[in-house]
Amino acid sequence: MASQKATAEAKSNIAFIKYWGNRNNALRIPLNDNLSMNLDHAFTTTTVAFDAQINADQIVIGENEAQGAARDRVIAHLDRVRAIAKIETRARVQSQNNFPMGAGIASSASAFAALSLAATRAAGLELSERDLSMLARLGSGSACRSIPGGFVEWIAGHGGNASYAYSLAAPAHWDLRDVIAIVSAEEKKVGSSDGHSIAHTSPFLLTRQNNLPARFHRVRHAIRARDLALLGPAIEEDAVELHLIAMTSRPPIFYWSPGMVRVIDAARAWRADGLAVYFTLDAGPNVHLICESKDADQVASRAREIADVQQVIVNAPGDAARLIEAHLF
Ligand code: DP6
């Protein structure tokens, strides 16, 4: 194998129809089709080099050598790449986010998307977008949606080779904004993987399954038609429903915090006042305020005035994962 170093940048994404619960946990086949938008100001950059001189993978995330479960999860992903490339060589990996980790900005999505692209290229492989999204999915489900650009649909599929993401519309299709109000930058206490694995214990999961097809079509149509008044109520419903499942799982998971509820209340009050803004949530404490670009400054400045909000990150639709020249080592 030609010794290669590759660096990739992948955007995080915010789901409009959420992925919560798997049909197959090991293969990360989700219970339902879901939809997201990539975020141009929340991304991970990862450099990978396979190096015949080392006998163990070396993984640095941010400033620190990765430890424990986070390290094992990256090694498991490198093993998938090694299996495809039919190599045994260990790798040096360095990764950094431009946003706080574990704070509900779906850092695993951009992380495993960037790792998948950088590692396959460093191993001399050139996968199609579809195959790359399926590889990223095995690392973290939502990562498959950070491979294509813009507005992205993840087809749940019924087998490991039928569950992948593709771009429904390019970033330029709709000048939407996700104004992220960071309420807490602390790492969340219960990871998404644990949440997915107990979603079936919620007595309301069946209700969600019944609600989803109609809502999914509404959201997809709203994106195609650039119709915020149609999109907004549907994404709010879906976010609340995800948290309803989490809170009623056994054991229950509470991602909600008083600060988060205050931001939601504020957004609803602004809307009652004529500002077209809708909220969505991830499995974390932050609030994603969705609006059109013309209203983004207004939404951001109002969000900054809320005492609970530590930081505001304004995102336009982000592009696909891509290779870049600026290596991290
Ligand atoms: C609430 O993709 O982080 O953000 O596959 O276990 O890594 P794993 O889970 P992950 O779950 C994302 C959950 C979510 C909703 C979403 O992004 O669709």
# chains A, B, ... in the order shown; residues from 1 in each chain; ligands from 1
call {"tool": "closest_atom_pairs", "arguments": {"of": "chain A", "to": "ligand 1", "cutoff": "8 Å", "atoms": "only C-alpha atoms and all ligand atoms", "output": "Markdown table"}}
result
| residue | atom | partner | partner_atom_place_in_ligand_line | distance |
| --- | --- | --- | --- | --- |
| A:Asn13 | CA | ligand 1 | 17 (O) | 7.1 |
| A:Ile14 | CA | ligand 1 | 17 (O) | 6.1 |
| A:Ala15 | CA | ligand 1 | 18 (O) | 4.8 |
| A:Phe16 | CA | ligand 1 | 18 (O) | 7.6 |
| A:Ile17 | CA | ligand 1 | 18 (O) | 6.6 |
| A:Lys18 | CA | ligand 1 | 18 (O) | 3.8 |
| A:Tyr19 | CA | ligand 1 | 18 (O) | 3.6 |
| A:Trp20 | CA | ligand 1 | 13 (C) | 5.8 |
| A:Arg28 | CA | ligand 1 | 5 (O) | 5.9 |
| A:Asn34 | CA | ligand 1 | 18 (O) | 6.7 |
| A:Leu35 | CA | ligand 1 | 18 (O) | 7.4 |
| A:Ser36 | CA | ligand 1 | 18 (O) | 7.3 |
| A:Gly104 | CA | ligand 1 | 4 (O) | 7.0 |
| A:Ile105 | CA | ligand 1 | 4 (O) | 7.8 |
| A:Ala106 | CA | ligand 1 | 4 (O) | 5.7 |
| A:Ser107 | CA | ligand 1 | 3 (O) | 7.7 |
| A:Ser108 | CA | ligand 1 | 3 (O) | 5.7 |
| A:Ala109 | CA | ligand 1 | 2 (O) | 6.0 |
| A:Arg137 | CA | ligand 1 | 5 (O) | 6.9 |
| A:Leu138 | CA | ligand 1 | 5 (O) | 7.5 |
| A:Gly139 | CA | ligand 1 | 7 (O) | 6.6 |
| A:Ser140 | CA | ligand 1 | 7 (O) | 3.4 |
| A:Gly141 | CA | ligand 1 | 5 (O) | 3.5 |
| A:Ser142 | CA | ligand 1 | 2 (O) | 3.6 |
| A:Ala143 | CA | ligand 1 | 2 (O) | 6.1 |
| A:Gly191 | CA | ligand 1 | 3 (O) | 7.3 |
| A:Ser192 | CA | ligand 1 | 9 (O) | 4.6 |
| A:Ser193 | CA | ligand 1 | 6 (O) | 3.2 |
| A:Asp194 | CA | ligand 1 | 6 (O) | 7.0 |
| A:Gly195 | CA | ligand 1 | 6 (O) | 7.8 |
| A:His196 | CA | ligand 1 | 6 (O) | 6.5 |
| A:Leu242 | CA | ligand 1 | 1 (C) | 7.2 |
| A:Leu281 | CA | ligand 1 | 1 (C) | 7.4 |
| A:Asp282 | CA | ligand 1 | 1 (C) | 4.3 |
| A:Ala283 | CA | ligand 1 | 1 (C) | 4.2 |
| A:Gly284 | CA | ligand 1 | 1 (C) | 7.7 |
call {"tool": "write_last_selection", "arguments": {"atoms": "C-alpha atoms", "output": "PDB file, in the first residue's frame"}}
result
ATOM      1  CA  ASN A  13     -25.822  18.029  11.139  1.00  0.00           C
ATOM      2  CA  ILE A  14     -29.118  18.796  12.819  1.00  0.00           C
ATOM      3  CA  ALA A  15     -31.929  16.306  12.335  1.00  0.00           C
ATOM      4  CA  PHE A  16     -35.381  17.600  11.383  1.00  0.00           C
ATOM      5  CA  ILE A  17     -36.794  14.071  11.632  1.00  0.00           C
ATOM      6  CA  LYS A  18     -34.820  12.326  14.338  1.00  0.00           C
ATOM      7  CA  TYR A  19     -33.030   9.013  14.482  1.00  0.00           C
ATOM      8  CA  TRP A  20     -33.887   7.503  17.876  1.00  0.00           C
ATOM      9  CA  ARG A  28     -26.933   0.893  13.368  1.00  0.00           C
ATOM     10  CA  ASN A  34     -34.793  10.499   8.989  1.00  0.00           C
ATOM     11  CA  LEU A  35     -33.725  13.865   7.643  1.00  0.00           C
ATOM     12  CA  SER A  36     -31.164  16.527   8.491  1.00  0.00           C
ATOM     13  CA  GLY A 104     -25.655  18.137  21.592  1.00  0.00           C
ATOM     14  CA  ILE A 105     -24.028  19.394  18.407  1.00  0.00           C
ATOM     15  CA  ALA A 106     -23.727  15.748  17.368  1.00  0.00           C
ATOM     16  CA  SER A 107     -19.942  15.638  17.475  1.00  0.00           C
ATOM     17  CA  SER A 108     -20.014  11.903  16.726  1.00  0.00           C
ATOM     18  CA  ALA A 109     -21.680  12.696  13.378  1.00  0.00           C
ATOM     19  CA  ARG A 137     -23.068   4.839   9.796  1.00  0.00           C
ATOM     20  CA  LEU A 138     -21.322   1.883  11.437  1.00  0.00           C
ATOM     21  CA  GLY A 139     -19.227   4.349  13.484  1.00  0.00           C
ATOM     22  CA  SER A 140     -22.157   6.563  14.462  1.00  0.00           C
ATOM     23  CA  GLY A 141     -25.587   6.470  12.870  1.00  0.00           C
ATOM     24  CA  SER A 142     -25.998  10.208  12.338  1.00  0.00           C
ATOM     25  CA  ALA A 143     -22.507  10.313  10.750  1.00  0.00           C
ATOM     26  CA  GLY A 191     -24.668   8.932  25.226  1.00  0.00           C
ATOM     27  CA  SER A 192     -27.003   8.553  22.243  1.00  0.00           C
ATOM     28  CA  SER A 193     -25.993   4.900  21.724  1.00  0.00           C
ATOM     29  CA  ASP A 194     -27.388   4.026  25.161  1.00  0.00           C
ATOM     30  CA  GLY A 195     -30.556   5.960  24.376  1.00  0.00           C
ATOM     31  CA  HIS A 196     -31.072   4.128  21.073  1.00  0.00           C
ATOM     32  CA  LEU A 242     -37.678  12.171  20.762  1.00  0.00           C
ATOM     33  CA  LEU A 281     -33.274  19.656  19.994  1.00  0.00           C
ATOM     34  CA  ASP A 282     -30.637  16.972  19.981  1.00  0.00           C
ATOM     35  CA  ALA A 283     -29.795  14.495  22.725  1.00  0.00           C
ATOM     36  CA  GLY A 284     -28.261  17.301  24.734  1.00  0.00           C
TER      37      GLY A 284
END
call {"tool": "select_by_dssp", "arguments": {"residues": "range 125-316 of chain A", "states": "strand (DSSP E)", "output": "PyMOL selection string"}}
result
chain A and resi 151-155+164-169+176-182+278-281+287-292+311-315
call {"tool": "write_last_selection", "arguments": {"atoms": "N, CA and C atoms", "output": "mmCIF file, in the first residue's frame"}}
result
data_model
loop_
_atom_site.group_PDB
_atom_site.id
_atom_site.type_symbol
_atom_site.label_atom_id
_atom_site.label_comp_id
_atom_site.auth_asym_id
_atom_site.auth_seq_id
_atom_site.Cartn_x
_atom_site.Cartn_y
_atom_site.Cartn_z
ATOM 1 N N PHE A 151 -29.153 19.260 2.491
ATOM 2 C CA PHE A 151 -30.300 18.654 3.170
ATOM 3 C C PHE A 151 -30.254 17.161 2.838
ATOM 4 N N VAL A 152 -30.222 16.336 3.860
ATOM 5 C CA VAL A 152 -29.848 14.935 3.655
ATOM 6 C C VAL A 152 -30.904 13.989 4.221
ATOM 7 N N GLU A 153 -31.212 12.968 3.459
ATOM 8 C CA GLU A 153 -32.144 11.930 3.907
ATOM 9 C C GLU A 153 -31.374 10.639 4.164
ATOM 10 N N TRP A 154 -31.629 10.024 5.305
ATOM 11 C CA TRP A 154 -31.059 8.698 5.610
ATOM 12 C C TRP A 154 -32.175 7.691 5.446
ATOM 13 N N ILE A 155 -32.036 6.846 4.434
ATOM 14 C CA ILE A 155 -33.013 5.792 4.181
ATOM 15 C C ILE A 155 -32.708 4.661 5.157
ATOM 16 N N TYR A 164 -28.488 3.986 4.041
ATOM 17 C CA TYR A 164 -27.483 4.994 3.671
ATOM 18 C C TYR A 164 -28.151 6.358 3.501
ATOM 19 N N ALA A 165 -27.296 7.382 3.385
ATOM 20 C CA ALA A 165 -27.815 8.750 3.254
ATOM 21 C C ALA A 165 -27.482 9.321 1.878
ATOM 22 N N TYR A 166 -28.342 10.202 1.427
ATOM 23 C CA TYR A 166 -28.083 10.894 0.156
ATOM 24 C C TYR A 166 -28.615 12.325 0.272
ATOM 25 N N SER A 167 -28.126 13.179 -0.620
ATOM 26 C CA SER A 167 -28.513 14.585 -0.550
ATOM 27 C C SER A 167 -29.847 14.808 -1.244
ATOM 28 N N LEU A 168 -30.789 15.323 -0.470
ATOM 29 C CA LEU A 168 -32.110 15.640 -1.003
ATOM 30 C C LEU A 168 -32.051 16.968 -1.762
ATOM 31 N N ALA A 169 -31.241 17.896 -1.254
ATOM 32 C CA ALA A 169 -31.084 19.210 -1.891
ATOM 33 C C ALA A 169 -29.737 19.792 -1.481
ATOM 34 N N LEU A 176 -31.650 28.548 4.785
ATOM 35 C CA LEU A 176 -32.124 28.337 6.150
ATOM 36 C C LEU A 176 -30.967 28.564 7.112
ATOM 37 N N ARG A 177 -31.270 28.857 8.368
ATOM 38 C CA ARG A 177 -30.215 28.987 9.379
ATOM 39 C C ARG A 177 -30.573 28.141 10.595
ATOM 40 N N ASP A 178 -29.526 27.584 11.191
ATOM 41 C CA ASP A 178 -29.661 26.947 12.499
ATOM 42 C C ASP A 178 -28.850 27.791 13.467
ATOM 43 N N VAL A 179 -29.536 28.555 14.291
ATOM 44 C CA VAL A 179 -28.871 29.387 15.299
ATOM 45 C C VAL A 179 -28.810 28.534 16.568
ATOM 46 N N ILE A 180 -27.626 28.005 16.863
ATOM 47 C CA ILE A 180 -27.521 27.110 18.027
ATOM 48 C C ILE A 180 -27.292 27.948 19.276
ATOM 49 N N ALA A 181 -28.211 27.820 20.230
ATOM 50 C CA ALA A 181 -28.046 28.483 21.529
ATOM 51 C C ALA A 181 -27.421 27.450 22.464
ATOM 52 N N ILE A 182 -26.150 27.660 22.785
ATOM 53 C CA ILE A 182 -25.441 26.718 23.661
ATOM 54 C C ILE A 182 -25.779 27.069 25.110
ATOM 55 N N TYR A 278 -38.394 28.490 14.806
ATOM 56 C CA TYR A 278 -38.871 27.227 15.378
ATOM 57 C C TYR A 278 -37.696 26.530 16.042
ATOM 58 N N PHE A 279 -37.976 25.730 17.073
ATOM 59 C CA PHE A 279 -36.856 25.075 17.750
ATOM 60 C C PHE A 279 -36.772 23.595 17.400
ATOM 61 N N THR A 280 -35.560 23.079 17.493
ATOM 62 C CA THR A 280 -35.393 21.633 17.535
ATOM 63 C C THR A 280 -34.280 21.332 18.535
ATOM 64 N N LEU A 281 -34.184 20.056 18.917
ATOM 65 C CA LEU A 281 -33.274 19.656 19.994
ATOM 66 C C LEU A 281 -32.537 18.400 19.585
ATOM 67 N N VAL A 287 -30.332 24.332 22.322
ATOM 68 C CA VAL A 287 -31.528 24.542 21.511
ATOM 69 C C VAL A 287 -31.108 25.035 20.131
ATOM 70 N N HIS A 288 -31.635 24.387 19.123
ATOM 71 C CA HIS A 288 -31.344 24.792 17.740
ATOM 72 C C HIS A 288 -32.529 25.613 17.250
ATOM 73 N N LEU A 289 -32.275 26.864 16.915
ATOM 74 C CA LEU A 289 -33.342 27.775 16.496
ATOM 75 C C LEU A 289 -33.291 27.897 14.974
ATOM 76 N N ILE A 290 -34.344 27.403 14.336
ATOM 77 C CA ILE A 290 -34.358 27.327 12.872
ATOM 78 C C ILE A 290 -35.161 28.512 12.318
ATOM 79 N N CYS A 291 -34.520 29.241 11.410
ATOM 80 C CA CYS A 291 -35.188 30.397 10.805
ATOM 81 C C CYS A 291 -34.612 30.614 9.408
ATOM 82 N N GLU A 292 -35.130 31.605 8.715
ATOM 83 C CA GLU A 292 -34.553 31.934 7.416
ATOM 84 C C GLU A 292 -33.446 32.958 7.609
ATOM 85 N N GLN A 311 -23.281 30.787 24.495
ATOM 86 C CA GLN A 311 -22.677 31.042 23.192
ATOM 87 C C GLN A 311 -23.717 30.790 22.125
ATOM 88 N N VAL A 312 -23.570 31.493 21.001
ATOM 89 C CA VAL A 312 -24.504 31.298 19.893
ATOM 90 C C VAL A 312 -23.682 31.005 18.642
ATOM 91 N N ILE A 313 -24.039 29.946 17.923
ATOM 92 C CA ILE A 313 -23.332 29.626 16.674
ATOM 93 C C ILE A 313 -24.356 29.626 15.542
ATOM 94 N N VAL A 314 -24.148 30.502 14.555
ATOM 95 C CA VAL A 314 -25.099 30.602 13.445
ATOM 96 C C VAL A 314 -24.591 29.751 12.281
ATOM 97 N N ASN A 315 -25.433 28.827 11.841
ATOM 98 C CA ASN A 315 -25.058 27.915 10.760
ATOM 99 C C ASN A 315 -25.961 28.055 9.554
#
call {"tool": "residues_around", "arguments": {"residues": "Asp131 in chain A", "least_positions_apart": "2", "cutoff": "12 Å", "atoms": "only C-alpha atoms", "output": "PyMOL selection string"}}
result
chain A and resi 81+84+113+116-117+120+125-129+133-138+144+147-148+160-166
call {"tool": "closest_residue", "arguments": {"among": "A:Asn97, A:Ser257, A:Phe216, A:Asp175", "to": "Lys294 in chain A", "atoms": "only C-alpha atoms"}}
result
A:Asp175
call {"tool": "residues_around", "arguments": {"residues": "Leu275 in chain A", "least_positions_apart": "5", "cutoff": "12 Å", "atoms": "only C-alpha atoms", "output": "VMD selection string"}}
result
chain A and resid 228 to 229 266 to 270 289 to 292 294 to 300 302
